[in-house]
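Coordinates as given in run-v4.pdb (PDB, C-alpha atoms):
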```
ATOM      1  CA  MET A1255      21.718-146.984  -1.478
ATOM      2  CA  ARG A1256      22.024-143.297  -0.725
ATOM      3  CA  GLY A1257      23.888-141.529   2.068
ATOM      4  CA  ARG A1258      27.298-142.067   3.534
ATOM      5  CA  GLY A1259      28.547-144.976   1.518
ATOM      6  CA  GLY A1260      25.840-144.985  -1.121
ATOM      7  CA  GLY A1261      26.308-144.882  -4.819
ATOM      8  CA  GLY A1262      23.971-141.917  -5.357
ATOM      9  CA  ALA A1263      25.131-138.386  -6.064
ATOM     10  CA  ALA A1264      24.562-137.345  -2.445
ATOM     11  CA  GLY A1265      26.669-140.265  -1.220
ATOM     12  CA  ARG A1266      29.469-139.530  -3.692
ATOM     13  CA  TRP A1267      29.535-135.817  -2.795
ATOM     14  CA  GLY A1268      29.290-136.694   0.896
ATOM     15  CA  ALA A1269      32.350-138.920   0.530
ATOM     16  CA  GLY A1270      34.174-136.090  -1.257
ATOM     17  CA  LEU A1271      33.293-133.624   1.496
ATOM     18  CA  ARG A1272      34.359-136.060   4.229
ATOM     19  CA  LEU A1273      37.661-136.640   2.444
ATOM     20  CA  ALA A1274      38.209-132.882   2.080
ATOM     21  CA  VAL A1275      37.506-132.291   5.772
ATOM     22  CA  THR A1276      39.761-135.126   6.934
ATOM     23  CA  LEU A1277      42.583-134.118   4.581
ATOM     24  CA  LEU A1278      42.491-130.394   5.310
ATOM     25  CA  THR A1279      41.621-130.318   9.024
ATOM     26  CA  VAL A1280      42.022-132.243  12.266
ATOM     27  CA  VAL A1281      38.267-132.885  12.315
ATOM     28  CA  PRO A1282      37.860-136.683  12.452
ATOM     29  CA  LEU A1283      35.112-137.840  10.121
ATOM     30  CA  PRO A1284      34.474-141.470   9.233
ATOM     31  CA  PHE A1285      35.715-142.340   5.802
ATOM     32  CA  SER A1286      35.420-145.890   4.575
ATOM     33  CA  GLY A1287      37.302-147.301   1.656
ATOM     34  CA  GLU A1288      40.023-145.928  -0.530
ATOM     35  CA  ALA A1289      39.667-142.593  -2.223
ATOM     36  CA  GLY A1290      39.473-143.036  -5.965
ATOM     37  CA  ARG A1291      39.962-140.292  -8.526
ATOM     38  CA  GLY A1292      36.277-139.341  -8.462
ATOM     39  CA  THR A1293      36.186-138.959  -4.685
ATOM     40  CA  ALA A1294      39.465-137.034  -4.752
ATOM     41  CA  ARG A1295      38.088-134.730  -7.465
ATOM     42  CA  ARG A1296      34.969-134.050  -5.424
ATOM     43  CA  ALA A1297      37.148-133.433  -2.348
ATOM     44  CA  MET A1298      39.083-130.740  -4.205
ATOM     45  CA  VAL A1299      35.822-129.132  -5.365
ATOM     46  CA  CYS A1300      34.592-129.196  -1.727
ATOM     47  CA  ALA A1301      37.834-127.701  -0.380
ATOM     48  CA  PRO A1302      36.537-124.096  -0.307
ATOM     49  CA  ALA A1303      33.660-125.226   1.949
ATOM     50  CA  VAL A1304      36.252-126.626   4.364
ATOM     51  CA  GLY A1305      37.561-123.063   4.573
ATOM     52  CA  LEU A1306      34.458-122.319   6.618
ATOM     53  CA  ILE A1307      35.857-124.637   9.300
ATOM     54  CA  THR A1308      39.384-123.223   9.259
ATOM     55  CA  GLY A1309      38.313-119.602   8.831
ATOM     56  CA  GLY A1310      35.535-120.159  11.357
ATOM     57  CA  ALA A1311      38.024-121.338  13.964
ATOM     58  CA  ALA A1312      40.085-118.184  13.446
ATOM     59  CA  ALA A1313      36.944-116.020  13.530
ATOM     60  CA  LEU A1314      35.850-117.585  16.829
ATOM     61  CA  VAL A1315      39.247-116.907  18.353
ATOM     62  CA  LEU A1316      39.113-113.304  17.137
ATOM     63  CA  VAL A1317      35.636-112.747  18.574
ATOM     64  CA  GLY A1318      36.562-114.505  21.824
ATOM     65  CA  GLY A1319      39.749-112.469  22.128
ATOM     66  CA  ASP A1320      37.770-109.283  21.578
ATOM     67  CA  LEU A1321      35.292-110.273  24.297
ATOM     68  CA  ALA A1322      38.239-111.037  26.599
ATOM     69  CA  GLY A1323      39.643-107.550  25.985
ATOM     70  CA  LEU A1324      42.750-108.559  24.037
ATOM     71  CA  SER A1325      44.223-105.989  21.692
ATOM     72  CA  PRO A1326      44.126-106.652  17.919
ATOM     73  CA  LEU A1327      47.647-108.061  17.468
ATOM     74  CA  PRO A1328      47.464-110.783  20.167
ATOM     75  CA  ARG A1329      43.973-111.719  18.907
ATOM     76  CA  ALA A1330      45.343-112.025  15.386
ATOM     77  CA  VAL A1331      48.334-114.100  16.472
ATOM     78  CA  LEU A1332      46.051-116.484  18.363
ATOM     79  CA  ALA A1333      43.721-116.705  15.344
ATOM     80  CA  VAL A1334      46.626-117.580  13.046
ATOM     81  CA  ALA A1335      47.746-120.184  15.595
ATOM     82  CA  ALA A1336      44.208-121.642  15.674
ATOM     83  CA  THR A1337      44.234-121.951  11.894
ATOM     84  CA  ALA A1338      47.585-123.736  12.008
ATOM     85  CA  ALA A1339      46.316-126.071  14.726
ATOM     86  CA  ILE A1340      43.054-126.969  12.986
ATOM     87  CA  THR A1341      44.871-127.680   9.709
ATOM     88  CA  ARG A1342      47.718-129.637  11.328
ATOM     89  CA  ALA A1343      49.870-126.849   9.867
ATOM     90  CA  LEU A1344      49.601-128.742   6.573
ATOM     91  CA  HIS A1345      49.655-125.541   4.530
ATOM     92  CA  LEU A1346      52.642-124.215   6.451
ATOM     93  CA  ASP A1347      54.537-127.478   6.050
ATOM     94  CA  GLY A1348      53.883-127.440   2.312
ATOM     95  CA  LEU A1349      54.930-123.810   2.035
ATOM     96  CA  ALA A1350      58.188-124.487   3.890
ATOM     97  CA  ASP A1351      58.887-127.500   1.676
ATOM     98  CA  LEU A1352      58.222-125.432  -1.447
ATOM     99  CA  ALA A1353      60.500-122.619  -0.253
ATOM    100  CA  ASP A1354      63.299-125.063   0.545
ATOM    101  CA  GLY A1355      62.908-126.815  -2.801
ATOM    102  CA  LEU A1356      62.869-123.609  -4.832
ATOM    103  CA  GLY A1357      65.563-122.013  -2.704
ATOM    104  CA  SER A1358      67.883-124.963  -3.190
ATOM    105  CA  GLY A1359      68.583-123.888  -6.769
ATOM    106  CA  ARG A1360      68.857-127.539  -7.750
ATOM    107  CA  PRO A1361      67.386-129.299 -10.775
ATOM    108  CA  ALA A1362      63.766-130.449 -10.440
ATOM    109  CA  ASP A1363      64.493-134.021  -9.284
ATOM    110  CA  GLU A1364      66.934-132.867  -6.616
ATOM    111  CA  ALA A1365      64.612-130.035  -5.524
ATOM    112  CA  LEU A1366      61.819-132.600  -5.060
ATOM    113  CA  ALA A1367      64.159-134.656  -2.878
ATOM    114  CA  VAL A1368      64.830-131.548  -0.757
ATOM    115  CA  MET A1369      61.080-130.947  -0.451
ATOM    116  CA  LYS A1370      60.427-134.536   0.692
ATOM    117  CA  ARG A1371      62.920-134.416   3.555
ATOM    118  CA  SER A1372      61.387-134.099   7.005
ATOM    119  CA  ASP A1373      63.697-131.310   8.148
ATOM    120  CA  ILE A1374      63.195-127.643   7.385
ATOM    121  CA  GLY A1375      65.908-125.503   5.863
ATOM    122  CA  PRO A1376      66.676-121.798   6.083
ATOM    123  CA  PHE A1377      64.454-120.840   3.145
ATOM    124  CA  GLY A1378      61.548-122.676   4.764
ATOM    125  CA  VAL A1379      62.116-121.020   8.141
ATOM    126  CA  VAL A1380      62.341-117.508   6.716
ATOM    127  CA  THR A1381      59.289-118.080   4.516
ATOM    128  CA  LEU A1382      57.236-119.329   7.469
ATOM    129  CA  VAL A1383      58.255-116.482   9.761
ATOM    130  CA  LEU A1384      57.448-113.848   7.140
ATOM    131  CA  THR A1385      54.161-115.536   6.178
ATOM    132  CA  LEU A1386      52.956-115.774   9.777
ATOM    133  CA  LEU A1387      53.948-112.159  10.426
ATOM    134  CA  VAL A1388      52.037-110.976   7.361
ATOM    135  CA  GLN A1389      48.971-113.054   8.273
ATOM    136  CA  ALA A1390      48.883-111.762  11.849
ATOM    137  CA  THR A1391      49.464-108.121  10.932
ATOM    138  CA  CYS A1392      46.828-108.253   8.175
ATOM    139  CA  LEU A1393      44.256-109.703  10.562
ATOM    140  CA  ALA A1394      45.205-107.221  13.265
ATOM    141  CA  SER A1395      44.685-104.296  10.902
ATOM    142  CA  ALA A1396      41.499-105.584   9.243
ATOM    143  CA  PRO A1397      38.435-103.515  10.152
ATOM    144  CA  HIS A1398      36.337-106.702  10.371
ATOM    145  CA  ALA A1399      38.926-109.320  11.281
ATOM    146  CA  ALA A1400      36.508-112.201  11.925
ATOM    147  CA  THR A1401      34.889-111.692   8.511
ATOM    148  CA  ALA A1402      38.326-111.396   6.918
ATOM    149  CA  ALA A1403      39.353-114.715   8.523
ATOM    150  CA  LEU A1404      36.260-116.452   7.126
ATOM    151  CA  VAL A1405      36.777-115.004   3.656
ATOM    152  CA  ALA A1406      40.471-115.931   3.719
ATOM    153  CA  GLY A1407      39.657-119.483   4.819
ATOM    154  CA  VAL A1408      37.291-120.014   1.914
ATOM    155  CA  THR A1409      39.227-118.179  -0.781
ATOM    156  CA  GLY A1410      42.515-119.753   0.253
ATOM    157  CA  ARG A1411      41.038-123.155  -0.466
ATOM    158  CA  LEU A1412      39.757-122.056  -3.868
ATOM    159  CA  ALA A1413      43.319-122.665  -5.007
ATOM    160  CA  LEU A1414      42.847-126.426  -4.668
ATOM    161  CA  PRO A1415      40.263-126.963  -7.422
ATOM    162  CA  TRP A1416      42.236-124.581  -9.621
ATOM    163  CA  ALA A1417      45.590-126.245  -8.910
ATOM    164  CA  TYR A1418      44.235-129.684  -9.719
ATOM    165  CA  GLY A1419      42.689-128.713 -13.022
ATOM    166  CA  PRO A1420      43.476-129.931 -16.521
ATOM    167  CA  GLY A1421      46.951-129.156 -17.796
ATOM    168  CA  VAL A1422      48.528-128.664 -14.360
ATOM    169  CA  PRO A1423      51.493-131.033 -14.104
ATOM    170  CA  VAL A1424      52.161-133.038 -10.956
ATOM    171  CA  ALA A1425      55.507-133.015  -9.208
ATOM    172  CA  GLY A1426      55.562-136.765  -8.608
ATOM    173  CA  LEU A1427      53.783-140.000  -9.354
ATOM    174  CA  ARG A1428      52.661-140.625  -5.773
ATOM    175  CA  GLY A1429      50.603-138.869  -3.148
ATOM    176  CA  LEU A1430      47.500-136.719  -3.262
ATOM    177  CA  GLY A1431      48.728-134.581  -6.137
ATOM    178  CA  ALA A1432      49.062-137.602  -8.408
ATOM    179  CA  LEU A1433      45.634-138.886  -7.361
ATOM    180  CA  VAL A1434      43.762-135.656  -8.074
ATOM    181  CA  ALA A1435      45.850-134.091 -10.842
ATOM    182  CA  GLY A1436      43.733-133.250 -13.843
ATOM    183  CA  PRO A1437      40.325-134.561 -12.820
ATOM    184  CA  VAL A1438      38.742-131.290 -11.652
ATOM    185  CA  PRO A1439      36.842-129.960 -14.662
ATOM    186  CA  PRO A1440      37.101-126.221 -15.417
ATOM    187  CA  ARG A1441      33.377-125.649 -14.729
ATOM    188  CA  ALA A1442      33.855-126.853 -11.130
TER     189      ALA A1442
END
```

Would you write out, as C-alpha coordinates, the structure that this file holds?
Amino acid sequence: MRGRGGGGAAGRWGAGLRLAVTLLTVVPLPFSGEAGRGTARRAMVCAPAVGLITGGAAALVLVGGDLAGLSPLPRAVLAVAATAAITRALHLDGLADLADGLGSGRPADEALAVMKRSDIGPFGVVTLVLTLLVQATCLASAPHAATAALVAGVTGRLALPWAYGPGVPVAGLRGLGALVAGPVPPRA
(Lines of atoms letter the chains of each structure in order from A and count residues from 1; the text may use other names and numbers.)
(Lines give C-alpha, C1' and ligand atoms only; values in the text may rest on other atoms or scores of the structure.)
Protein backbone atom coordinates (compact mmCIF):
# COMPACT_ATOMS: atom_id res chain seq x y z
CA MET A 1 0.00 0.00 0.00
CA ARG A 2 1.39 3.38 -0.96
CA GLY A 3 0.49 6.83 0.32
CA ARG A 4 -0.14 8.13 3.78
CA GLY A 5 0.30 5.03 5.85
CA GLY A 6 1.78 2.81 3.17
CA GLY A 7 4.96 0.88 3.35
CA GLY A 8 6.37 2.28 0.10
CA ALA A 9 9.08 4.91 -0.10
CA ALA A 10 6.53 7.66 -0.79
CA GLY A 11 4.53 6.63 2.28
CA ARG A 12 7.62 6.50 4.49
CA TRP A 13 8.85 9.92 3.30
CA GLY A 14 5.32 11.30 3.60
CA ALA A 15 5.21 10.14 7.22
CA GLY A 16 8.60 11.78 7.83
CA LEU A 17 7.42 15.05 6.30
CA ARG A 18 4.19 15.00 8.31
CA LEU A 19 6.16 14.37 11.50
CA ALA A 20 8.55 17.22 10.67
CA VAL A 21 5.68 19.62 10.02
CA THR A 22 3.80 18.67 13.19
CA LEU A 23 6.95 18.82 15.33
CA LEU A 24 8.28 22.11 13.98
CA THR A 25 5.07 24.08 13.36
CA VAL A 26 1.52 24.55 14.61
CA VAL A 27 0.22 23.12 11.33
CA PRO A 28 -1.98 20.14 12.29
CA LEU A 29 -1.37 17.20 9.99
CA PRO A 30 -2.70 13.71 10.61
CA PHE A 31 -0.04 11.38 11.88
CA SER A 32 -0.97 7.84 12.78
CA GLY A 33 1.14 5.54 14.86
CA GLU A 34 4.32 6.05 16.79
CA ALA A 35 7.35 7.57 15.19
CA GLY A 36 10.13 5.03 14.94
CA ARG A 37 13.77 5.81 14.28
CA GLY A 38 13.30 5.64 10.51
CA THR A 39 10.40 8.09 10.51
CA ALA A 40 12.27 10.39 12.89
CA ARG A 41 15.34 10.26 10.64
CA ARG A 42 13.26 11.17 7.61
CA ALA A 43 11.61 13.97 9.61
CA MET A 44 15.02 15.49 10.36
CA VAL A 45 15.99 15.24 6.68
CA CYS A 46 12.69 16.97 5.77
CA ALA A 47 13.17 19.74 8.35
CA PRO A 48 14.68 22.25 5.88
CA ALA A 49 11.53 21.93 3.72
CA VAL A 50 9.47 22.90 6.77
CA GLY A 51 11.49 26.12 6.76
CA LEU A 52 9.44 27.08 3.72
CA ILE A 53 6.39 27.18 6.00
CA THR A 54 8.03 29.16 8.79
CA GLY A 55 10.01 31.45 6.50
CA GLY A 56 6.97 31.76 4.25
CA ALA A 57 4.84 32.98 7.14
CA ALA A 58 7.42 35.66 7.93
CA ALA A 59 7.71 36.59 4.24
CA LEU A 60 3.93 36.99 3.96
CA VAL A 61 3.88 39.26 6.98
CA LEU A 62 6.72 41.33 5.52
CA VAL A 63 4.98 41.70 2.16
CA GLY A 64 1.64 42.44 3.84
CA GLY A 65 3.24 45.01 6.12
CA ASP A 66 4.86 46.66 3.12
CA LEU A 67 1.51 46.82 1.31
CA ALA A 68 -0.03 48.31 4.47
CA GLY A 69 2.64 51.02 4.52
CA LEU A 70 4.47 49.91 7.66
CA SER A 71 8.09 50.94 8.00
CA PRO A 72 10.80 48.23 7.92
CA LEU A 73 11.30 47.77 11.67
CA PRO A 74 7.63 47.16 12.62
CA ARG A 75 7.31 44.82 9.61
CA ALA A 76 10.36 42.90 10.79
CA VAL A 77 9.13 42.68 14.38
CA LEU A 78 5.78 41.33 13.20
CA ALA A 79 7.55 38.83 10.92
CA VAL A 80 9.69 37.57 13.80
CA ALA A 81 6.52 37.30 15.92
CA ALA A 82 4.82 35.31 13.13
CA THR A 83 7.75 32.90 13.04
CA ALA A 84 7.55 32.44 16.80
CA ALA A 85 3.80 31.86 16.60
CA ILE A 86 3.94 29.33 13.76
CA THR A 87 6.70 27.36 15.51
CA ARG A 88 5.06 27.49 18.96
CA ALA A 89 8.24 29.37 19.90
CA LEU A 90 9.87 25.94 20.12
CA HIS A 91 13.23 27.26 18.93
CA LEU A 92 13.09 30.16 21.37
CA ASP A 93 12.18 27.88 24.26
CA GLY A 94 15.09 25.59 23.41
CA LEU A 95 17.47 28.52 23.10
CA ALA A 96 16.41 29.90 26.49
CA ASP A 97 16.82 26.46 28.07
CA LEU A 98 20.28 26.10 26.54
CA ALA A 99 21.34 29.55 27.75
CA ASP A 100 20.11 28.83 31.27
CA GLY A 101 21.83 25.44 31.33
CA LEU A 102 25.15 26.76 30.04
CA GLY A 103 24.92 29.91 32.13
CA SER A 104 24.35 27.93 35.30
CA GLY A 105 28.00 26.89 35.37
CA ARG A 106 26.96 23.56 36.85
CA PRO A 107 28.15 20.07 35.91
CA ALA A 108 26.37 18.45 32.95
CA ASP A 109 23.75 16.52 34.96
CA GLU A 110 22.78 19.58 36.99
CA ALA A 111 22.79 21.81 33.89
CA LEU A 112 20.38 19.37 32.21
CA ALA A 113 18.10 19.63 35.24
CA VAL A 114 18.16 23.43 34.91
CA MET A 115 17.30 23.12 31.21
CA LYS A 116 14.33 20.82 31.93
CA ARG A 117 12.67 23.20 34.38
CA SER A 118 9.64 25.04 33.04
CA ASP A 119 10.74 28.45 34.29
CA ILE A 120 13.16 30.73 32.49
CA GLY A 121 16.19 32.21 34.18
CA PRO A 122 18.13 35.42 33.61
CA PHE A 123 20.48 33.90 31.02
CA GLY A 124 17.48 32.66 29.05
CA VAL A 125 15.73 36.04 29.20
CA VAL A 126 18.78 38.01 28.09
CA THR A 127 19.52 35.52 25.31
CA LEU A 128 15.95 35.72 24.00
CA VAL A 129 15.82 39.51 24.09
CA LEU A 130 19.14 39.84 22.26
CA THR A 131 18.23 37.14 19.72
CA LEU A 132 14.87 38.71 18.89
CA LEU A 133 16.47 42.15 18.59
CA VAL A 134 19.12 40.82 16.20
CA GLN A 135 16.53 38.94 14.12
CA ALA A 136 14.26 41.98 13.80
CA THR A 137 17.06 44.43 13.01
CA CYS A 138 18.58 42.07 10.43
CA LEU A 139 15.24 41.66 8.68
CA ALA A 140 14.57 45.38 8.85
CA SER A 141 17.89 46.16 7.20
CA ALA A 142 17.78 43.39 4.57
CA PRO A 143 17.36 44.74 1.04
CA HIS A 144 15.00 41.85 0.21
CA ALA A 145 13.53 41.00 3.60
CA ALA A 146 10.90 38.52 2.39
CA THR A 147 13.55 36.54 0.50
CA ALA A 148 15.86 36.73 3.51
CA ALA A 149 13.07 35.34 5.73
CA LEU A 150 12.53 32.39 3.37
CA VAL A 151 16.25 31.65 3.14
CA ALA A 152 16.63 31.91 6.92
CA GLY A 153 13.68 29.58 7.47
CA VAL A 154 15.18 26.89 5.28
CA THR A 155 18.82 27.26 6.28
CA GLY A 156 17.97 27.47 9.97
CA ARG A 157 16.41 24.04 9.74
CA LEU A 158 19.44 22.61 7.96
CA ALA A 159 20.94 22.39 11.43
CA LEU A 160 18.58 19.54 12.33
CA PRO A 161 19.91 16.88 9.95
CA TRP A 162 23.43 17.97 10.82
CA ALA A 163 22.82 17.94 14.58
CA TYR A 164 21.34 14.46 14.48
CA GLY A 165 24.16 12.92 12.50
CA PRO A 166 26.58 10.16 13.45
CA GLY A 167 28.88 10.92 16.35
CA VAL A 168 26.73 13.68 17.86
CA PRO A 169 26.02 12.75 21.47
CA VAL A 170 22.57 13.17 22.99
CA ALA A 171 21.98 15.05 26.21
CA GLY A 172 19.55 12.49 27.61
CA LEU A 173 18.02 9.10 27.04
CA ARG A 174 14.50 10.38 26.43
CA GLY A 175 12.76 12.73 24.04
CA LEU A 176 13.21 13.54 20.38
CA GLY A 177 16.98 13.87 20.61
CA ALA A 178 17.33 10.30 21.85
CA LEU A 179 14.96 9.02 19.16
CA VAL A 180 16.76 10.65 16.23
CA ALA A 181 20.36 10.80 17.47
CA GLY A 182 22.72 9.19 15.02
CA PRO A 183 20.36 7.89 12.35
CA VAL A 184 20.72 10.70 9.79
CA PRO A 185 23.40 9.51 7.37
CA PRO A 186 26.03 12.05 6.26
CA ARG A 187 24.85 11.94 2.62
CA ALA A 188 21.40 13.19 3.70

Near Pro1328 of chain A, counting all atoms listed in the file, which residues have an atom at most 9 Å away, once you skip same-chain residues fewer than 5 positions from it, shown as a ChimeraX atom specification?
/A:1319,1333,1390,1394

Kindly resolve the PyMOL selection byres ((chain A and resi 1297) around 12) on the present coordinates and return the residues as an MDAnalysis selection string.
chainID A and resid 1266:1278 1289:1296 1298:1304 1411:1412 1414:1415 1418 1430 1433:1434 1437:1438 1442

Would you work out the distance separating atom CA of Val1405 of chain A from atom CA of Arg1342 of chain A, expressed in Å to one decimal?
19.8 Å

Expansion of the PyMOL selection byres ((chain A and resi 1391) around 12) into residues, as a count of residues only:
23

Just to confirm, what's the straight-line distance from atom CA of Thr1409 of chain A to atom CA of Val1280 of chain A in Å (one decimal)?
19.4 Å

Nearest-residue call for Ala1367 of chain A, choices A:Gly1355, A:Gly1348, A:Gly1318, A:Gly1419, using all atoms listed in the file
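Among the listed residues, the smallest separation from Ala1367 of chain A belongs to A:Gly1355.
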
Neighbour list for Asp1347 of chain A as a PyMOL selection string, cut-off 10 Å, all atoms listed in the file, skip fewer than 4 positions in-chain:
chain A and resi 1338+1342-1343+1351-1353+1369+1372+1374+1378+1382

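Between atom CA of Thr1341 of chain A and atom CA of Thr1279 of chain A there is a distance of 4.2 Å.
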